Amino acid sequence: MEYRVTSLTAKQTQEWGNQLGRHLRGGDVVALVGDLGAGKTAFAQGVGDALQVKGPMTSPTFTLRHEYLGKLSGTEVKTRLIHMDLYRLQHPEEVEVIGVEDAFKEDTICLIEWPEIAEDYMPEDRLEVEILGSGESPREIIFHTREREWEQRLKVITTS
Ligand SMILES: Nc1ncnc2c1ncn2[C@@H]1O[C@H](COP(=O)(O)OP(=O)(O)OP(=O)(O)O)[C@@H](O)[C@H]1O
Ligand SMILES: [Mg+2]
């Protein structure tokens, strides 16, 4: 299944991230797919806002992996938020070195930009968020999933 929404500004992309963030739980893995400058980091920042992360959330393009403490939206339940950007990796084995698997834990919500190189490590039940467009043009944000459980959440997220 896929669910499509539109974003006309960086702020709207953040707001869609915020909407998703409100429905995230420990163990969720979200792959953020899209060209350079599509808005993956903007979307991730919106997720961070929903999880009450003390910012600022900056791009992990050069650092590969940033870790934050947050709370599940509307609760006092603590969660770890890991935000990765694998753009600079050259070989799939490097994925292990930065501890990608350590990020797929029940107490952790994981967002991964440029996830393609880690495909073999990614959990089956991940959510994929694809952002089409770049520059000043409007974006189309497509949520892809095969999981029933995500579909239920996405229906609520994309119709609210
Ligand atoms: N509708 C939109 N949604 C998101 N960003 C937008 C939009 N319109 C313009 N922009 C601009 O596009 C840029 C998106 O940057 P961002 O760092 O989020 O992209 P990215 O996908 O993370 O890129 P990278 O692959 O380099 O990490 C920002 O400068 C933002 O202001
Ligand atoms: Mg980015």
# chains A, B, ... in the order shown; residues from 1 in each chain; ligands from 1
call {"tool": "select_by_dssp", "arguments": {"residues": "range 1-111 of chain A", "states": "strand (DSSP E or B)", "output": "ChimeraX atom specification"}}
result
/A:2-7,29-34,65-71,78-85,108-111
call {"tool": "write_last_selection", "arguments": {"atoms": "C-alpha atoms", "output": "short mmCIF file (atom, residue, chain, number, x, y, z; two decimals), in the first residue's frame"}}
result
data_model
loop_
_atom_site.label_atom_id
_atom_site.label_comp_id
_atom_site.auth_asym_id
_atom_site.auth_seq_id
_atom_site.Cartn_x
_atom_site.Cartn_y
_atom_site.Cartn_z
CA GLU A 2 1.06 3.57 -0.47
CA TYR A 3 -0.26 6.82 0.90
CA ARG A 4 0.58 10.07 -0.85
CA VAL A 5 0.54 13.59 0.47
CA THR A 6 1.81 16.90 -0.86
CA SER A 7 4.14 19.41 0.73
CA VAL A 29 12.34 1.92 11.71
CA VAL A 30 11.70 4.56 9.06
CA ALA A 31 13.71 4.67 5.83
CA LEU A 32 13.83 8.16 4.31
CA VAL A 33 14.31 7.99 0.55
CA GLY A 34 14.78 10.86 -1.87
CA ARG A 65 24.67 8.94 13.22
CA HIS A 66 23.07 11.19 15.80
CA GLU A 67 21.35 9.97 18.92
CA TYR A 68 18.72 11.82 20.97
CA LEU A 69 16.51 11.19 23.95
CA GLY A 70 12.84 11.85 23.54
CA LYS A 71 9.44 10.83 24.77
CA LYS A 78 11.23 7.69 27.17
CA THR A 79 12.58 6.67 23.81
CA ARG A 80 15.88 6.82 22.04
CA LEU A 81 15.80 8.46 18.62
CA ILE A 82 18.59 7.54 16.23
CA HIS A 83 18.94 9.57 13.05
CA MET A 84 21.36 8.20 10.47
CA ASP A 85 22.52 9.31 7.06
CA THR A 108 14.58 2.94 19.90
CA ILE A 109 12.99 4.78 17.01
CA CYS A 110 15.29 4.85 14.02
CA LEU A 111 15.25 7.19 11.03
#
call {"tool": "residues_near_ligand", "arguments": {"ligand": "ligand 2", "cutoff": "6 Å", "atoms": "only C-alpha atoms and all ligand atoms", "output": "list in words"}}
result
Lys40, Thr41 and Ser59 of chain A
call {"tool": "closest_residue", "arguments": {"among": "A:Asn18, A:Ser137, A:Gln52, A:Gln90", "to": "ligand 1", "atoms": "only C-alpha atoms and all ligand atoms"}}
result
A:Ser137
call {"tool": "closest_atom_pairs", "arguments": {"of": "chain A", "to": "ligand 1", "cutoff": "7 Å", "atoms": "only C-alpha atoms and all ligand atoms", "output": "JSON lines"}}
result
{"residue": "A:Ser7", "atom": "CA", "partner": "ligand 1", "partner_atom_place_in_ligand_line": "1 (N)", "distance": 4.7}
{"residue": "A:Leu8", "atom": "CA", "partner": "ligand 1", "partner_atom_place_in_ligand_line": "1 (N)", "distance": 4.2}
{"residue": "A:Thr9", "atom": "CA", "partner": "ligand 1", "partner_atom_place_in_ligand_line": "1 (N)", "distance": 3.5}
{"residue": "A:Ala10", "atom": "CA", "partner": "ligand 1", "partner_atom_place_in_ligand_line": "3 (N)", "distance": 3.6}
{"residue": "A:Lys11", "atom": "CA", "partner": "ligand 1", "partner_atom_place_in_ligand_line": "3 (N)", "distance": 6.8}
{"residue": "A:Gln12", "atom": "CA", "partner": "ligand 1", "partner_atom_place_in_ligand_line": "1 (N)", "distance": 6.5}
{"residue": "A:Thr13", "atom": "CA", "partner": "ligand 1", "partner_atom_place_in_ligand_line": "3 (N)", "distance": 4.7}
{"residue": "A:Gly34", "atom": "CA", "partner": "ligand 1", "partner_atom_place_in_ligand_line": "21 (O)", "distance": 6.0}
{"residue": "A:Asp35", "atom": "CA", "partner": "ligand 1", "partner_atom_place_in_ligand_line": "25 (O)", "distance": 5.8}
{"residue": "A:Leu36", "atom": "CA", "partner": "ligand 1", "partner_atom_place_in_ligand_line": "25 (O)", "distance": 3.6}
{"residue": "A:Gly37", "atom": "CA", "partner": "ligand 1", "partner_atom_place_in_ligand_line": "19 (O)", "distance": 3.4}
{"residue": "A:Ala38", "atom": "CA", "partner": "ligand 1", "partner_atom_place_in_ligand_line": "21 (O)", "distance": 3.8}
{"residue": "A:Gly39", "atom": "CA", "partner": "ligand 1", "partner_atom_place_in_ligand_line": "18 (O)", "distance": 3.2}
{"residue": "A:Lys40", "atom": "CA", "partner": "ligand 1", "partner_atom_place_in_ligand_line": "21 (O)", "distance": 3.7}
{"residue": "A:Thr41", "atom": "CA", "partner": "ligand 1", "partner_atom_place_in_ligand_line": "22 (O)", "distance": 3.7}
{"residue": "A:Ala42", "atom": "CA", "partner": "ligand 1", "partner_atom_place_in_ligand_line": "18 (O)", "distance": 3.8}
{"residue": "A:Phe43", "atom": "CA", "partner": "ligand 1", "partner_atom_place_in_ligand_line": "18 (O)", "distance": 6.6}
{"residue": "A:Ser59", "atom": "CA", "partner": "ligand 1", "partner_atom_place_in_ligand_line": "27 (O)", "distance": 6.6}
{"residue": "A:Thr61", "atom": "CA", "partner": "ligand 1", "partner_atom_place_in_ligand_line": "27 (O)", "distance": 6.1}
{"residue": "A:Glu113", "atom": "CA", "partner": "ligand 1", "partner_atom_place_in_ligand_line": "27 (O)", "distance": 6.8}
{"residue": "A:Ser134", "atom": "CA", "partner": "ligand 1", "partner_atom_place_in_ligand_line": "12 (O)", "distance": 6.2}
{"residue": "A:Gly135", "atom": "CA", "partner": "ligand 1", "partner_atom_place_in_ligand_line": "12 (O)", "distance": 5.5}
{"residue": "A:Glu136", "atom": "CA", "partner": "ligand 1", "partner_atom_place_in_ligand_line": "9 (C)", "distance": 4.6}
{"residue": "A:Ser137", "atom": "CA", "partner": "ligand 1", "partner_atom_place_in_ligand_line": "8 (N)", "distance": 6.2}
{"residue": "A:Pro138", "atom": "CA", "partner": "ligand 1", "partner_atom_place_in_ligand_line": "1 (N)", "distance": 5.0}
{"residue": "A:Arg139", "atom": "CA", "partner": "ligand 1", "partner_atom_place_in_ligand_line": "1 (N)", "distance": 4.9}
call {"tool": "write_last_selection", "arguments": {"atoms": "N, CA and C atoms", "output": "CSV table (one decimal), in the first residue's frame"}}
result
chain,number,residue,atom,x,y,z
A,7,SER,N,3.6,18.4,-0.1
A,7,SER,CA,4.1,19.4,0.7
A,7,SER,C,4.6,20.6,-0.1
A,8,LEU,N,4.2,21.7,0.2
A,8,LEU,CA,4.5,22.9,-0.7
A,8,LEU,C,5.7,23.7,-0.1
A,9,THR,N,6.0,23.5,1.2
A,9,THR,CA,7.1,24.2,1.8
A,9,THR,C,7.9,23.3,2.8
A,10,ALA,N,9.1,23.7,3.1
A,10,ALA,CA,9.9,22.9,4.1
A,10,ALA,C,9.2,22.7,5.4
A,11,LYS,N,8.4,23.8,5.8
A,11,LYS,CA,7.7,23.7,7.0
A,11,LYS,C,6.6,22.6,6.9
A,12,GLN,N,5.9,22.5,5.8
A,12,GLN,CA,4.9,21.5,5.6
A,12,GLN,C,5.5,20.1,5.7
A,13,THR,N,6.7,20.0,5.1
A,13,THR,CA,7.4,18.7,5.2
A,13,THR,C,7.7,18.3,6.6
A,34,GLY,N,15.0,9.7,-1.0
A,34,GLY,CA,14.8,10.9,-1.9
A,34,GLY,C,16.1,11.5,-2.3
A,35,ASP,N,16.1,12.3,-3.3
A,35,ASP,CA,17.3,12.9,-3.8
A,35,ASP,C,17.9,13.9,-2.8
A,36,LEU,N,19.1,14.3,-3.2
A,36,LEU,CA,19.8,15.4,-2.4
A,36,LEU,C,18.8,16.6,-2.3
A,37,GLY,N,18.7,17.1,-1.1
A,37,GLY,CA,17.8,18.3,-0.9
A,37,GLY,C,16.3,18.0,-1.0
A,38,ALA,N,15.9,16.8,-1.0
A,38,ALA,CA,14.5,16.5,-1.1
A,38,ALA,C,13.7,16.9,0.1
A,39,GLY,N,14.3,16.8,1.3
A,39,GLY,CA,13.7,17.2,2.5
A,39,GLY,C,13.6,16.1,3.5
A,40,LYS,N,14.5,15.1,3.4
A,40,LYS,CA,14.6,14.0,4.4
A,40,LYS,C,14.9,14.5,5.8
A,41,THR,N,15.9,15.4,5.9
A,41,THR,CA,16.3,15.9,7.2
A,41,THR,C,15.2,16.8,7.7
A,42,ALA,N,14.5,17.6,6.9
A,42,ALA,CA,13.4,18.4,7.4
A,42,ALA,C,12.3,17.5,7.9
A,43,PHE,N,12.0,16.4,7.3
A,43,PHE,CA,11.0,15.5,7.7
A,43,PHE,C,11.4,14.9,9.1
A,59,SER,N,21.8,17.8,10.5
A,59,SER,CA,22.0,16.7,9.5
A,59,SER,C,23.1,15.8,9.9
A,61,THR,N,24.8,14.0,7.9
A,61,THR,CA,25.5,13.7,6.6
A,61,THR,C,27.0,13.4,6.9
A,113,GLU,N,18.3,8.1,6.6
A,113,GLU,CA,18.4,8.8,5.3
A,113,GLU,C,19.4,7.9,4.4
A,134,SER,N,12.6,18.4,-5.5
A,134,SER,CA,13.8,19.1,-4.9
A,134,SER,C,13.7,20.5,-5.3
A,135,GLY,N,14.7,21.3,-4.8
A,135,GLY,CA,14.7,22.7,-5.1
A,135,GLY,C,13.5,23.4,-4.5
A,136,GLU,N,12.9,24.3,-5.2
A,136,GLU,CA,11.8,25.0,-4.7
A,136,GLU,C,10.5,24.4,-5.2
A,137,SER,N,10.5,23.3,-5.9
A,137,SER,CA,9.3,22.7,-6.4
A,137,SER,C,8.5,22.0,-5.3
A,138,PRO,N,7.2,21.8,-5.4
A,138,PRO,CA,6.5,21.1,-4.4
A,138,PRO,C,7.0,19.6,-4.3
A,139,ARG,N,6.8,19.1,-3.1
A,139,ARG,CA,7.2,17.7,-2.9
A,139,ARG,C,6.0,16.8,-2.8
call {"tool": "residues_around", "arguments": {"residues": "Val95 in chain A", "least_positions_apart": "2", "cutoff": "12 Å", "atoms": "only C-alpha atoms", "output": "PyMOL selection string"}}
result
chain A and resi 64-65+84-93+97-103+112+114-122
call {"tool": "residues_around", "arguments": {"residues": "Asp125 in chain A", "least_positions_apart": "3", "cutoff": "8 Å", "atoms": "only C-alpha atoms", "output": "JSON, numbers by chain"}}
result
{"A": [29, 145, 146, 147]}
call {"tool": "closest_residue", "arguments": {"among": "A:Phe143, A:Leu51, A:Met57, A:Glu128", "to": "Lys155 in chain A", "atoms": "only C-alpha atoms"}}
result
A:Phe143
call {"tool": "select_by_dssp", "arguments": {"residues": "range 16-145 of chain A", "states": "helix (DSSP H, G or I)", "output": "ChimeraX atom specification"}}
result
/A:16-21,40-50,94-97,101-103,115-121
call {"tool": "residues_around", "arguments": {"residues": "Gln19 in chain A", "least_positions_apart": "3", "cutoff": "9 Å", "atoms": "only C-alpha atoms", "output": "list in words"}}
result
Gln14, Glu15, Trp16, Arg22, His23, Gly46, Val47, Ala50, Ile157, Thr158 and Ser160 of chain A
